[in-house]
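Coordinates from start38.cif are shown below (mmCIF, C-alpha atoms (C1' of nucleotides)).
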```
data_my_file
#
loop_
_atom_site.label_atom_id
_atom_site.label_comp_id
_atom_site.auth_asym_id
_atom_site.auth_seq_id
_atom_site.Cartn_x
_atom_site.Cartn_y
_atom_site.Cartn_z
CA MET E 1 -89.30 -17.47 -26.52
CA SER E 2 -90.00 -19.88 -29.36
CA SER E 3 -86.94 -22.01 -29.03
CA THR E 4 -88.63 -24.35 -31.48
CA ARG E 5 -87.65 -21.96 -34.20
CA ASP E 6 -84.01 -22.07 -33.14
CA ALA E 7 -84.04 -25.83 -32.82
CA LEU E 8 -85.43 -26.11 -36.32
CA MET E 9 -82.69 -23.89 -37.67
CA ASP E 10 -80.07 -25.89 -35.82
CA ARG E 11 -81.30 -29.16 -37.28
CA ALA E 12 -81.63 -27.68 -40.75
CA GLU E 13 -78.13 -26.27 -40.62
CA PHE E 14 -76.79 -29.64 -39.54
CA TYR E 15 -78.55 -31.47 -42.35
CA ILE E 16 -77.47 -29.00 -45.00
CA ARG E 17 -73.85 -28.86 -43.90
CA THR E 18 -73.71 -32.62 -43.67
CA GLY E 19 -75.47 -33.76 -46.81
CA GLY E 20 -76.80 -30.78 -48.70
CA TYR E 21 -80.01 -28.83 -49.03
CA SER E 22 -81.86 -31.77 -50.55
CA SER E 23 -80.80 -34.15 -47.80
CA PHE E 24 -83.68 -33.29 -45.49
CA SER E 25 -87.38 -32.55 -45.58
CA PHE E 26 -89.79 -30.74 -43.32
CA ARG E 27 -90.94 -34.18 -42.23
CA ASP E 28 -87.41 -35.02 -41.09
CA LEU E 29 -87.25 -31.85 -39.02
CA ALA E 30 -90.67 -32.56 -37.56
CA LYS E 31 -89.62 -36.07 -36.56
CA ASP E 32 -86.46 -34.76 -34.92
CA LEU E 33 -88.40 -32.34 -32.75
CA ALA E 34 -91.31 -34.71 -32.18
CA ILE E 35 -93.81 -32.37 -33.79
CA LYS E 36 -95.68 -32.45 -37.09
CA SER E 37 -94.52 -31.00 -40.38
CA ALA E 38 -97.43 -28.56 -40.43
CA SER E 39 -95.93 -27.01 -37.29
CA VAL E 40 -92.64 -26.56 -39.06
CA HIS E 41 -94.47 -24.63 -41.75
CA TYR E 42 -95.85 -22.38 -39.05
CA HIS E 43 -92.32 -21.21 -38.23
CA PHE E 44 -91.03 -21.21 -41.79
CA PRO E 45 -93.74 -21.04 -44.46
CA THR E 46 -91.46 -22.36 -47.20
CA LYS E 47 -88.20 -24.24 -47.34
CA THR E 48 -86.62 -21.21 -48.94
CA ASP E 49 -87.60 -19.15 -45.89
CA LEU E 50 -85.93 -21.69 -43.64
CA GLY E 51 -82.81 -21.99 -45.76
CA THR E 52 -82.45 -18.24 -46.00
CA ALA E 53 -82.82 -17.79 -42.26
CA VAL E 54 -80.15 -20.42 -41.65
CA MET E 55 -77.78 -18.86 -44.14
CA GLN E 56 -78.31 -15.38 -42.75
CA ARG E 57 -77.67 -16.55 -39.22
CA TYR E 58 -74.46 -18.16 -40.49
CA ASN E 59 -73.43 -14.87 -42.06
CA ASP E 60 -74.18 -13.07 -38.81
CA ARG E 61 -71.96 -15.48 -36.89
CA PHE E 62 -69.11 -14.76 -39.25
CA LYS E 63 -69.70 -11.04 -39.18
CA ALA E 64 -69.52 -11.08 -35.40
CA ALA E 65 -66.31 -13.10 -35.46
CA LEU E 66 -64.45 -10.95 -37.95
CA PRO E 67 -63.03 -7.88 -36.25
CA ASP E 68 -62.36 -4.82 -38.34
CA PRO E 69 -58.64 -5.20 -39.08
CA SER E 70 -58.10 -1.45 -38.85
CA LEU E 71 -59.48 -1.40 -35.30
CA THR E 72 -57.38 -4.17 -33.79
CA THR E 73 -53.73 -4.64 -33.03
CA LEU E 74 -53.71 -8.15 -34.46
CA THR E 75 -51.32 -8.93 -37.27
CA ALA E 76 -52.37 -10.61 -40.52
CA PRO E 77 -51.00 -14.00 -39.42
CA GLU E 78 -53.01 -13.77 -36.22
CA HIS E 79 -56.19 -12.77 -38.03
CA VAL E 80 -55.85 -15.60 -40.52
CA ARG E 81 -55.01 -18.08 -37.80
CA HIS E 82 -58.23 -17.21 -35.96
CA TYR E 83 -60.11 -17.42 -39.21
CA ILE E 84 -58.80 -20.89 -40.01
CA MET E 85 -59.48 -22.07 -36.48
CA MET E 86 -63.06 -20.91 -36.73
CA PHE E 87 -63.60 -23.24 -39.69
CA TYR E 88 -61.69 -25.99 -37.96
CA THR E 89 -63.67 -25.77 -34.75
CA GLU E 90 -67.00 -25.88 -36.53
CA MET E 91 -65.85 -28.88 -38.52
CA MET E 92 -64.72 -30.77 -35.44
CA GLN E 93 -67.99 -30.13 -33.65
CA ASN E 94 -70.12 -32.01 -36.14
CA GLN E 95 -68.16 -33.27 -39.14
CA SER E 96 -69.71 -30.56 -41.25
CA MET E 97 -68.75 -28.49 -44.24
CA CYS E 98 -69.04 -24.76 -44.90
CA LEU E 99 -72.70 -23.87 -45.34
CA CYS E 100 -71.86 -21.47 -48.13
CA ALA E 101 -69.86 -24.04 -50.07
CA VAL E 102 -72.60 -26.64 -49.81
CA LEU E 103 -75.28 -24.26 -51.03
CA SER E 104 -72.97 -23.03 -53.78
CA VAL E 105 -72.84 -26.55 -55.16
CA GLU E 106 -76.62 -26.82 -55.19
CA GLN E 107 -77.06 -23.29 -56.53
CA MET E 108 -79.34 -24.29 -59.38
CA LEU E 109 -81.90 -25.71 -56.96
CA LEU E 110 -82.18 -22.57 -54.89
CA GLN E 111 -84.48 -19.61 -55.17
CA PRO E 112 -83.10 -16.06 -55.44
CA ALA E 113 -83.65 -15.13 -51.79
CA LEU E 114 -81.37 -17.97 -50.76
CA THR E 115 -78.69 -17.49 -53.39
CA ASP E 116 -78.56 -13.83 -52.42
CA SER E 117 -77.61 -14.73 -48.88
CA VAL E 118 -74.99 -17.14 -50.23
CA ASP E 119 -73.54 -14.32 -52.29
CA ALA E 120 -73.44 -12.21 -49.16
CA PHE E 121 -71.17 -14.75 -47.52
CA TYR E 122 -68.65 -14.51 -50.33
CA THR E 123 -68.68 -10.73 -50.24
CA LEU E 124 -68.38 -10.57 -46.47
CA ASN E 125 -65.51 -13.04 -46.27
CA LEU E 126 -63.58 -11.95 -49.32
CA ASP E 127 -63.78 -8.30 -48.33
CA TRP E 128 -62.62 -9.07 -44.83
CA LEU E 129 -59.73 -11.27 -45.95
CA THR E 130 -58.73 -8.69 -48.53
CA SER E 131 -58.62 -5.93 -45.96
CA VAL E 132 -56.57 -8.15 -43.65
CA PHE E 133 -53.96 -8.63 -46.33
CA GLN E 134 -54.09 -4.97 -47.23
CA LEU E 135 -53.99 -3.39 -43.80
CA SER E 136 -52.02 -5.59 -41.51
CA PRO E 137 -48.29 -5.00 -41.28
CA GLN E 138 -45.67 -7.54 -42.33
CA PRO E 139 -47.06 -8.44 -45.76
CA ALA E 140 -49.18 -5.30 -46.49
CA LEU E 141 -50.11 -6.29 -50.01
CA PRO E 142 -51.45 -4.07 -52.79
CA LYS E 143 -55.14 -4.48 -53.57
CA ALA E 144 -54.86 -6.92 -56.49
CA GLN E 145 -52.58 -9.27 -54.60
CA ALA E 146 -54.67 -9.03 -51.48
CA VAL E 147 -57.77 -10.07 -53.43
CA GLN E 148 -55.87 -12.99 -54.90
CA ARG E 149 -54.79 -14.11 -51.45
CA ALA E 150 -58.29 -13.74 -50.09
CA THR E 151 -59.68 -15.91 -52.86
CA GLN E 152 -57.00 -18.51 -52.33
CA VAL E 153 -57.67 -18.71 -48.62
CA LEU E 154 -61.44 -19.08 -48.94
CA ALA E 155 -61.20 -21.59 -51.80
CA THR E 156 -58.68 -23.71 -49.95
CA LEU E 157 -60.62 -23.80 -46.70
CA GLN E 158 -63.93 -24.58 -48.35
CA GLY E 159 -62.36 -27.28 -50.49
CA ALA E 160 -60.52 -28.72 -47.53
CA LEU E 161 -63.73 -29.00 -45.51
CA ILE E 162 -65.42 -30.86 -48.33
CA GLY E 163 -62.55 -33.30 -48.71
CA ALA E 164 -62.35 -33.84 -44.97
CA SER E 165 -66.06 -34.54 -44.85
CA ALA E 166 -65.96 -36.94 -47.80
CA ARG E 167 -63.06 -38.87 -46.36
CA THR E 168 -64.21 -38.48 -42.74
CA GLU E 169 -60.65 -37.49 -41.99
CA ALA E 170 -60.01 -34.24 -40.14
CA ASP E 171 -56.38 -34.53 -41.14
CA TYR E 172 -57.32 -33.66 -44.70
CA PHE E 173 -58.33 -30.19 -43.55
CA ILE E 174 -55.34 -29.85 -41.26
CA MET E 175 -52.86 -30.68 -44.00
CA ALA E 176 -54.33 -28.23 -46.47
CA ALA E 177 -54.55 -25.50 -43.85
CA LYS E 178 -50.98 -26.01 -42.66
CA ALA E 179 -49.56 -25.87 -46.17
CA LEU E 180 -51.59 -22.75 -46.90
CA TYR E 181 -50.55 -20.97 -43.74
CA LYS E 182 -46.90 -21.77 -44.27
CA ASP E 183 -47.10 -20.34 -47.78
CA LEU E 184 -48.84 -17.20 -46.59
CA PHE E 185 -46.65 -16.31 -43.64
CA GLY E 186 -43.71 -18.71 -43.57
CA LYS E 187 -44.80 -19.84 -40.14
CA ASP E 188 -46.12 -23.18 -38.93
CA LEU E 189 -49.76 -23.38 -37.93
CA ARG E 190 -50.37 -25.58 -34.92
CA PHE E 191 -53.54 -27.56 -34.26
CA PRO E 192 -54.57 -29.03 -30.92
CA SER E 193 -53.32 -32.63 -31.02
CA THR E 194 -56.00 -35.01 -32.22
CA HIS E 195 -55.25 -37.91 -29.89
CA MET F 1 -72.51 -48.33 -80.27
CA SER F 2 -75.60 -47.21 -78.35
CA SER F 3 -74.80 -43.51 -78.41
CA THR F 4 -77.96 -42.90 -76.41
CA ARG F 5 -76.14 -44.27 -73.41
CA ASP F 6 -73.29 -41.83 -73.90
CA ALA F 7 -75.64 -38.94 -74.46
CA LEU F 8 -77.43 -39.80 -71.22
CA MET F 9 -74.16 -39.85 -69.34
CA ASP F 10 -73.16 -36.53 -70.86
CA ARG F 11 -76.38 -34.87 -69.80
CA ALA F 12 -76.25 -36.43 -66.34
CA GLU F 13 -72.68 -35.28 -65.85
CA PHE F 14 -73.64 -31.78 -66.89
CA TYR F 15 -76.56 -31.64 -64.49
CA ILE F 16 -74.60 -33.01 -61.57
CA ARG F 17 -71.60 -30.77 -62.08
CA THR F 18 -73.84 -27.77 -62.49
CA GLY F 19 -76.39 -28.18 -59.74
CA GLY F 20 -75.79 -31.42 -57.92
CA TYR F 21 -77.04 -34.98 -57.97
CA SER F 22 -80.55 -33.96 -56.94
CA SER F 23 -80.82 -31.32 -59.62
CA PHE F 24 -82.10 -33.67 -62.31
CA SER F 25 -84.47 -36.58 -62.76
CA PHE F 26 -84.76 -39.40 -65.26
CA ARG F 27 -87.62 -37.42 -66.77
CA ASP F 28 -85.31 -34.45 -67.35
CA LEU F 29 -82.85 -36.65 -69.18
CA ALA F 30 -85.65 -38.20 -71.20
CA LYS F 31 -86.94 -34.79 -72.23
CA ASP F 32 -83.46 -33.69 -73.27
CA LEU F 33 -83.07 -36.67 -75.58
CA ALA F 34 -86.68 -36.66 -76.72
CA ILE F 35 -87.35 -40.13 -75.36
CA LYS F 36 -89.34 -41.44 -72.40
CA SER F 37 -88.06 -41.99 -68.90
CA ALA F 38 -88.72 -45.74 -69.17
CA SER F 39 -86.13 -45.82 -71.94
CA VAL F 40 -83.61 -44.17 -69.64
CA HIS F 41 -84.20 -46.96 -67.16
CA TYR F 42 -83.42 -49.43 -69.92
CA HIS F 43 -79.87 -48.06 -70.13
CA PHE F 44 -79.45 -47.42 -66.42
CA PRO F 45 -81.79 -49.43 -64.21
CA THR F 46 -81.31 -47.14 -61.21
CA LYS F 47 -80.07 -43.62 -60.67
CA THR F 48 -77.18 -45.05 -58.68
CA ASP F 49 -76.15 -47.08 -61.74
CA LEU F 50 -76.15 -43.93 -63.82
CA GLY F 51 -74.31 -41.85 -61.26
CA THR F 52 -71.70 -44.52 -60.76
CA ALA F 53 -71.11 -44.90 -64.49
CA VAL F 54 -70.66 -41.14 -64.82
CA MET F 55 -68.26 -40.98 -61.91
CA GLN F 56 -66.25 -43.93 -63.17
CA ARG F 57 -65.95 -42.41 -66.61
CA TYR F 58 -64.74 -39.22 -64.95
CA ASN F 59 -62.12 -41.20 -63.06
CA ASP F 60 -61.04 -42.88 -66.28
CA ARG F 61 -60.59 -39.52 -67.98
CA PHE F 62 -58.33 -38.39 -65.17
CA LYS F 63 -56.40 -41.65 -65.11
CA ALA F 64 -55.74 -41.27 -68.81
CA ALA F 65 -54.60 -37.68 -68.38
CA LEU F 66 -52.21 -38.30 -65.50
CA PRO F 67 -48.91 -39.69 -66.79
CA ASP F 68 -46.80 -41.75 -64.44
CA PRO F 69 -44.33 -39.13 -63.17
CA SER F 70 -41.51 -41.69 -63.11
CA LEU F 71 -41.99 -42.38 -66.83
CA THR F 72 -41.92 -38.85 -68.14
CA THR F 73 -39.33 -36.12 -68.36
CA LEU F 74 -41.75 -33.50 -67.14
CA THR F 75 -40.86 -31.54 -64.04
CA ALA F 76 -43.21 -31.08 -61.10
CA PRO F 77 -44.14 -27.53 -62.16
CA GLU F 78 -45.05 -28.81 -65.61
CA HIS F 79 -47.11 -31.68 -64.25
CA VAL F 80 -49.02 -29.42 -61.89
CA ARG F 81 -49.51 -26.83 -64.59
CA HIS F 82 -51.15 -29.41 -66.85
CA TYR F 83 -53.20 -30.63 -63.94
CA ILE F 84 -54.52 -27.17 -63.14
CA MET F 85 -55.24 -26.49 -66.80
CA MET F 86 -57.26 -29.67 -67.03
CA PHE F 87 -59.61 -28.36 -64.34
CA TYR F 88 -59.62 -24.94 -65.89
CA THR F 89 -60.50 -26.19 -69.36
CA GLU F 90 -63.37 -28.30 -68.12
CA MET F 91 -64.69 -25.37 -66.14
CA MET F 92 -64.57 -23.03 -69.12
CA GLN F 93 -66.37 -25.49 -71.34
CA ASN F 94 -69.55 -25.52 -69.33
CA GLN F 95 -69.32 -23.49 -66.14
CA SER F 96 -69.12 -26.68 -64.14
CA MET F 97 -67.54 -27.83 -60.92
CA CYS F 98 -65.50 -30.92 -60.12
CA LEU F 99 -67.78 -33.95 -60.20
CA CYS F 100 -66.05 -35.43 -57.18
CA ALA F 101 -66.46 -32.29 -55.11
CA VAL F 102 -70.14 -32.02 -55.93
CA LEU F 103 -70.86 -35.61 -55.01
CA SER F 104 -68.76 -35.25 -51.87
CA VAL F 105 -71.09 -32.53 -50.69
CA GLU F 106 -74.14 -34.73 -51.26
CA GLN F 107 -72.43 -37.80 -49.81
CA MET F 108 -75.24 -38.62 -47.40
CA LEU F 109 -77.71 -39.00 -50.27
CA LEU F 110 -75.63 -41.52 -52.20
CA GLN F 111 -75.52 -45.27 -52.11
CA PRO F 112 -72.27 -47.14 -51.43
CA ALA F 113 -71.54 -48.01 -55.07
CA LEU F 114 -71.44 -44.32 -55.89
CA THR F 115 -69.53 -43.13 -52.86
CA ASP F 116 -66.95 -45.83 -53.58
CA SER F 117 -66.26 -44.32 -56.98
CA VAL F 118 -66.02 -40.89 -55.37
CA ASP F 119 -63.44 -42.25 -52.96
CA ALA F 120 -61.55 -43.66 -55.92
CA PHE F 121 -61.19 -40.15 -57.31
CA TYR F 122 -59.55 -38.91 -54.14
CA THR F 123 -57.17 -41.84 -54.03
CA LEU F 124 -56.26 -41.56 -57.69
CA ASN F 125 -55.62 -37.84 -57.58
CA LEU F 126 -53.92 -37.61 -54.21
CA ASP F 127 -51.62 -40.52 -55.02
CA TRP F 128 -50.68 -38.99 -58.34
CA LEU F 129 -50.06 -35.54 -56.91
CA THR F 130 -48.06 -37.03 -54.07
CA SER F 131 -45.83 -38.94 -56.44
CA VAL F 132 -45.34 -35.82 -58.53
CA PHE F 133 -44.06 -33.94 -55.50
CA GLN F 134 -41.99 -36.92 -54.42
CA LEU F 135 -40.39 -37.86 -57.71
CA SER F 136 -39.96 -34.80 -59.82
CA PRO F 137 -36.71 -32.87 -59.44
CA GLN F 138 -36.50 -29.30 -58.12
CA PRO F 139 -38.63 -29.70 -55.01
CA ALA F 140 -38.41 -33.51 -54.46
CA LEU F 141 -40.24 -33.51 -51.16
CA PRO F 142 -40.27 -36.22 -48.50
CA LYS F 143 -43.46 -38.28 -48.30
CA ALA F 144 -45.23 -36.39 -45.52
CA GLN F 145 -44.69 -33.02 -47.15
CA ALA F 146 -45.66 -34.37 -50.55
CA VAL F 147 -48.97 -35.63 -49.15
CA GLN F 148 -49.59 -32.25 -47.57
CA ARG F 149 -48.95 -30.51 -50.86
CA ALA F 150 -51.17 -32.94 -52.74
CA THR F 151 -54.01 -32.28 -50.32
CA GLN F 152 -53.53 -28.55 -50.57
CA VAL F 153 -53.61 -28.62 -54.36
CA LEU F 154 -56.75 -30.73 -54.63
CA ALA F 155 -58.59 -28.80 -51.93
CA THR F 156 -57.74 -25.46 -53.48
CA LEU F 157 -58.77 -26.43 -56.99
CA GLN F 158 -62.04 -28.02 -55.91
CA GLY F 159 -62.88 -25.07 -53.71
CA ALA F 160 -61.93 -22.62 -56.43
CA LEU F 161 -64.23 -24.32 -58.95
CA ILE F 162 -67.13 -24.12 -56.52
CA GLY F 163 -66.55 -20.43 -55.84
CA ALA F 164 -66.16 -19.68 -59.53
CA SER F 165 -69.41 -21.48 -60.25
CA ALA F 166 -71.29 -19.73 -57.47
CA ARG F 167 -70.10 -16.32 -58.54
CA THR F 168 -70.15 -17.15 -62.27
CA GLU F 169 -66.73 -15.63 -62.41
CA ALA F 170 -63.90 -17.64 -63.95
CA ASP F 171 -61.48 -15.17 -62.44
CA TYR F 172 -62.18 -16.63 -59.01
CA PHE F 173 -60.59 -19.89 -60.11
CA ILE F 174 -57.75 -18.13 -61.88
CA MET F 175 -56.81 -16.07 -58.84
CA ALA F 176 -56.76 -19.04 -56.50
CA ALA F 177 -54.79 -21.13 -58.97
CA LYS F 178 -52.23 -18.41 -59.61
CA ALA F 179 -51.60 -17.83 -55.94
CA LEU F 180 -51.27 -21.55 -55.34
CA TYR F 181 -48.87 -22.10 -58.22
CA LYS F 182 -46.68 -19.21 -57.17
CA ASP F 183 -46.47 -20.63 -53.67
CA LEU F 184 -45.62 -24.10 -54.93
CA PHE F 185 -42.95 -23.24 -57.45
CA GLY F 186 -42.22 -19.54 -57.20
CA LYS F 187 -43.24 -19.13 -60.82
CA ASP F 188 -46.16 -17.32 -62.40
CA LEU F 189 -48.90 -19.40 -63.96
CA ARG F 190 -50.30 -17.92 -67.13
CA PHE F 191 -53.84 -18.37 -68.39
CA PRO F 192 -55.05 -17.68 -71.92
CA SER F 193 -56.38 -14.11 -71.79
CA THR F 194 -60.11 -14.01 -71.16
CA HIS F 195 -61.01 -11.14 -73.44
"C1'" DG S 1 -98.17 -23.30 -31.62
"C1'" DT S 2 -99.52 -27.48 -32.64
"C1'" DC S 3 -102.61 -30.64 -34.46
"C1'" DT S 4 -105.39 -33.72 -38.29
"C1'" DA S 5 -106.25 -34.19 -42.76
"C1'" DT S 6 -105.35 -33.63 -47.28
"C1'" DA S 7 -104.05 -31.88 -51.92
"C1'" DC S 8 -100.94 -32.27 -55.61
"C1'" DG S 9 -96.92 -32.67 -58.25
"C1'" DG S 10 -92.64 -34.94 -58.92
"C1'" DT S 11 -89.63 -39.09 -58.32
"C1'" DG S 12 -87.52 -43.62 -59.01
"C1'" DA S 13 -88.96 -47.68 -60.69
"C1'" DT S 14 -91.50 -51.77 -63.12
"C1'" DA S 15 -94.59 -54.66 -66.38
"C1'" DG S 16 -95.55 -55.71 -70.67
"C1'" DA S 17 -96.65 -54.36 -75.68
"C1'" DC S 18 -94.33 -53.03 -80.07
"C1'" DG Q 1 -84.59 -49.86 -77.66
"C1'" DT Q 2 -88.42 -47.53 -77.06
"C1'" DC Q 3 -93.05 -47.10 -75.86
"C1'" DT Q 4 -97.64 -46.68 -72.70
"C1'" DA Q 5 -99.32 -47.15 -68.47
"C1'" DT Q 6 -98.98 -47.40 -63.91
"C1'" DC Q 7 -97.10 -47.83 -59.15
"C1'" DA Q 8 -95.98 -46.45 -54.43
"C1'" DC Q 9 -93.77 -43.01 -52.28
"C1'" DC Q 10 -92.12 -38.68 -50.72
"C1'" DG Q 11 -91.83 -33.81 -51.28
"C1'" DT Q 12 -93.70 -29.02 -50.24
"C1'" DA Q 13 -97.52 -26.81 -48.93
"C1'" DT Q 14 -102.37 -25.43 -47.14
"C1'" DA Q 15 -107.06 -25.29 -44.52
"C1'" DG Q 16 -109.10 -25.28 -40.49
"C1'" DA Q 17 -109.87 -27.27 -35.70
"C1'" DC Q 18 -107.99 -27.11 -30.90
#
```
Structure translated into structure tokens:
Amino acid sequence: MSSTRDALMDRAEFYIRTGGYSSFSFRDLAKDLAIKSASVHYHFPTKTDLGTAVMQRYNDRFKAALPDPSLTTLTAPEHVRHYIMMFYTEMMQNQSMCLCAVLSVEQMLLQPALTDSVDAFYTLNLDWLTSVFQLSPQPALPKAQAVQRATQVLATLQGALIGASARTEADYFIMAAKALYKDLFGKDLRFPSTH
Amino acid sequence: MSSTRDALMDRAEFYIRTGGYSSFSFRDLAKDLAIKSASVHYHFPTKTDLGTAVMQRYNDRFKAALPDPSLTTLTAPEHVRHYIMMFYTEMMQNQSMCLCAVLSVEQMLLQPALTDSVDAFYTLNLDWLTSVFQLSPQPALPKAQAVQRATQVLATLQGALIGASARTEADYFIMAAKALYKDLFGKDLRFPSTH
DNA sequence: GTCTATACGGTGATAGAC
DNA sequence: GTCTATCACCGTATAGAC
């Protein structure tokens, strides 16, 4: 069932999240899969097509992992803890940054189809975080404050992933995330011990 | 005197902070200054030379703007407020992100000389922020907590600049910065009104 | 689906004249 | 300092055979 297509997207996602959109070529992908670059073009006619598919799949993963806060019994601290751990886990698996943050940096290089899917990530995540802060008990913030919190959370996590990647130091992310979580809920966030 | 050199660095910094290291070529710079790309190579033999010079100048600007906390009478909230406003002002001037964050994302593309100067930015800023949280009265945190705070601050601001740039919405940065500042010091951070 | 072959523009970089 | 001219290379992308 054309697993070549999936493998190509996997490699592309890895390259982008590790060194940016310009850090790989169709020839690189071809070499990785031991095929020719013309075959890559068969699956994705243009690089924009490939990038967009990768970004959309990323959005879908997040969408699937973000439960409607009004349909669960989880509290805001629990929701946010899962959210942070999702970023953390992906980082630990391959030293990579947030796909959306990387593509945001290279915005000017990208064609509209791709920037649109980047925008969709912001909307999806900010809306979800906002509703978490609005709906869940304990804090139950008014809209304006909830939006502010949502923005703070996303900015901090994306920035923390970039710093952790640059310094090849997972602790950079952990420190930022712990401080953030403590500020949000007054509770300590625990990470699986690193060694 | 060679103001061509400065003009080249200005343009390069703009391009990088707007769309990344790969978003411009020596020919772009040449066109902007109405000269030829060979003349650009006269001032900066390689692109790495240019990038490194730009990054080092950026570091120097920060170094000059960060007063030794033990030699001033400023409190931690005042220091951090100035620090945040420095990022904010640069963002407002040309819709640009933090040079260090951008180059961090494209790390894998860069040669050692350039990544070294990116590392220097992290060290400079984290050390300064840490000493602010360690030395200034009011909070006066122990080392480990001060480092955590420093990391949180840098990550949040870099992430906030990226989000603001992607969404072309200065308010994104303002919201993240306000929430952060309130958490740090319990005080509201005020920005010059946007309209 | 994958291949060979190839077009074509852009890129960093250099030699040497003015 | 700036130019013309040129280089080798790498990028995305396509045509057409198998």
Output of the PyMOL selection byres ((chain F and resi 155) around 9), listed as a PDB file with C-alpha atoms, in the frame of the given file:
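expr.pdb was written with the following content:
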```pdb
ATOM      1  CA  ALA E 155     -61.200 -21.590 -51.800  1.00  0.00           C
ATOM      2  CA  THR E 156     -58.680 -23.710 -49.950  1.00  0.00           C
ATOM      3  CA  LEU E 157     -60.620 -23.800 -46.700  1.00  0.00           C
ATOM      4  CA  GLN E 158     -63.930 -24.580 -48.350  1.00  0.00           C
ATOM      5  CA  GLY E 159     -62.360 -27.280 -50.490  1.00  0.00           C
ATOM      6  CA  ALA E 160     -60.520 -28.720 -47.530  1.00  0.00           C
ATOM      7  CA  LEU E 161     -63.730 -29.000 -45.510  1.00  0.00           C
ATOM      8  CA  ILE E 162     -65.420 -30.860 -48.330  1.00  0.00           C
ATOM      9  CA  GLY E 163     -62.550 -33.300 -48.710  1.00  0.00           C
ATOM     10  CA  TYR E 172     -57.320 -33.660 -44.700  1.00  0.00           C
ATOM     11  CA  PHE E 173     -58.330 -30.190 -43.550  1.00  0.00           C
ATOM     12  CA  ALA E 176     -54.330 -28.230 -46.470  1.00  0.00           C
TER      13      ALA E 176
ATOM     14  CA  ALA F 150     -51.170 -32.940 -52.740  1.00  0.00           C
ATOM     15  CA  THR F 151     -54.010 -32.280 -50.320  1.00  0.00           C
ATOM     16  CA  GLN F 152     -53.530 -28.550 -50.570  1.00  0.00           C
ATOM     17  CA  VAL F 153     -53.610 -28.620 -54.360  1.00  0.00           C
ATOM     18  CA  LEU F 154     -56.750 -30.730 -54.630  1.00  0.00           C
ATOM     19  CA  THR F 156     -57.740 -25.460 -53.480  1.00  0.00           C
ATOM     20  CA  LEU F 157     -58.770 -26.430 -56.990  1.00  0.00           C
ATOM     21  CA  GLN F 158     -62.040 -28.020 -55.910  1.00  0.00           C
ATOM     22  CA  GLY F 159     -62.880 -25.070 -53.710  1.00  0.00           C
ATOM     23  CA  ALA F 160     -61.930 -22.620 -56.430  1.00  0.00           C
TER      24      ALA F 160
END
```
Find the distance between atom CA of F:Gly186 and atom CA of F:Lys63 and write it in Å to one decimal. 27.4 Å
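Comparing E:Ser104, E:Gln134, E:Ser25, E:Thr72 by their smallest distance to E:Tyr122, the closest is E:Ser104 (using all atoms listed in the file).
Within the file as shown, the PyMOL selection byres ((chain S) within 12 of (chain F)) identifies DG10, DT11, DG12, DA13, DT14 and DA15 of chain S.
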For this structure, which residues satisfy the selection - the PyMOL selection byres ((chain Q) within 10 of (chain E)) - when it is evaluated on the file as given? I want them as a PyMOL selection string. chain Q and resi 10-14
Keeping only C-alpha atoms (C1' of nucleotides), write the selected residues to a file as a PDB file, in the frame of the given file.
```
ATOM      1  C1'  DC Q  10     -92.120 -38.680 -50.720  1.00  0.00           C
ATOM      2  C1'  DG Q  11     -91.830 -33.810 -51.280  1.00  0.00           C
ATOM      3  C1'  DT Q  12     -93.700 -29.020 -50.240  1.00  0.00           C
ATOM      4  C1'  DA Q  13     -97.520 -26.810 -48.930  1.00  0.00           C
ATOM      5  C1'  DT Q  14    -102.370 -25.430 -47.140  1.00  0.00           C
TER       6       DT Q  14
END
```
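With all atoms listed in the file as the atoms that count, the residue of F:Met55, F:Ala7, F:Ala34, F:Ala12 with the shortest distance to Q:DT2 is F:Ala34.
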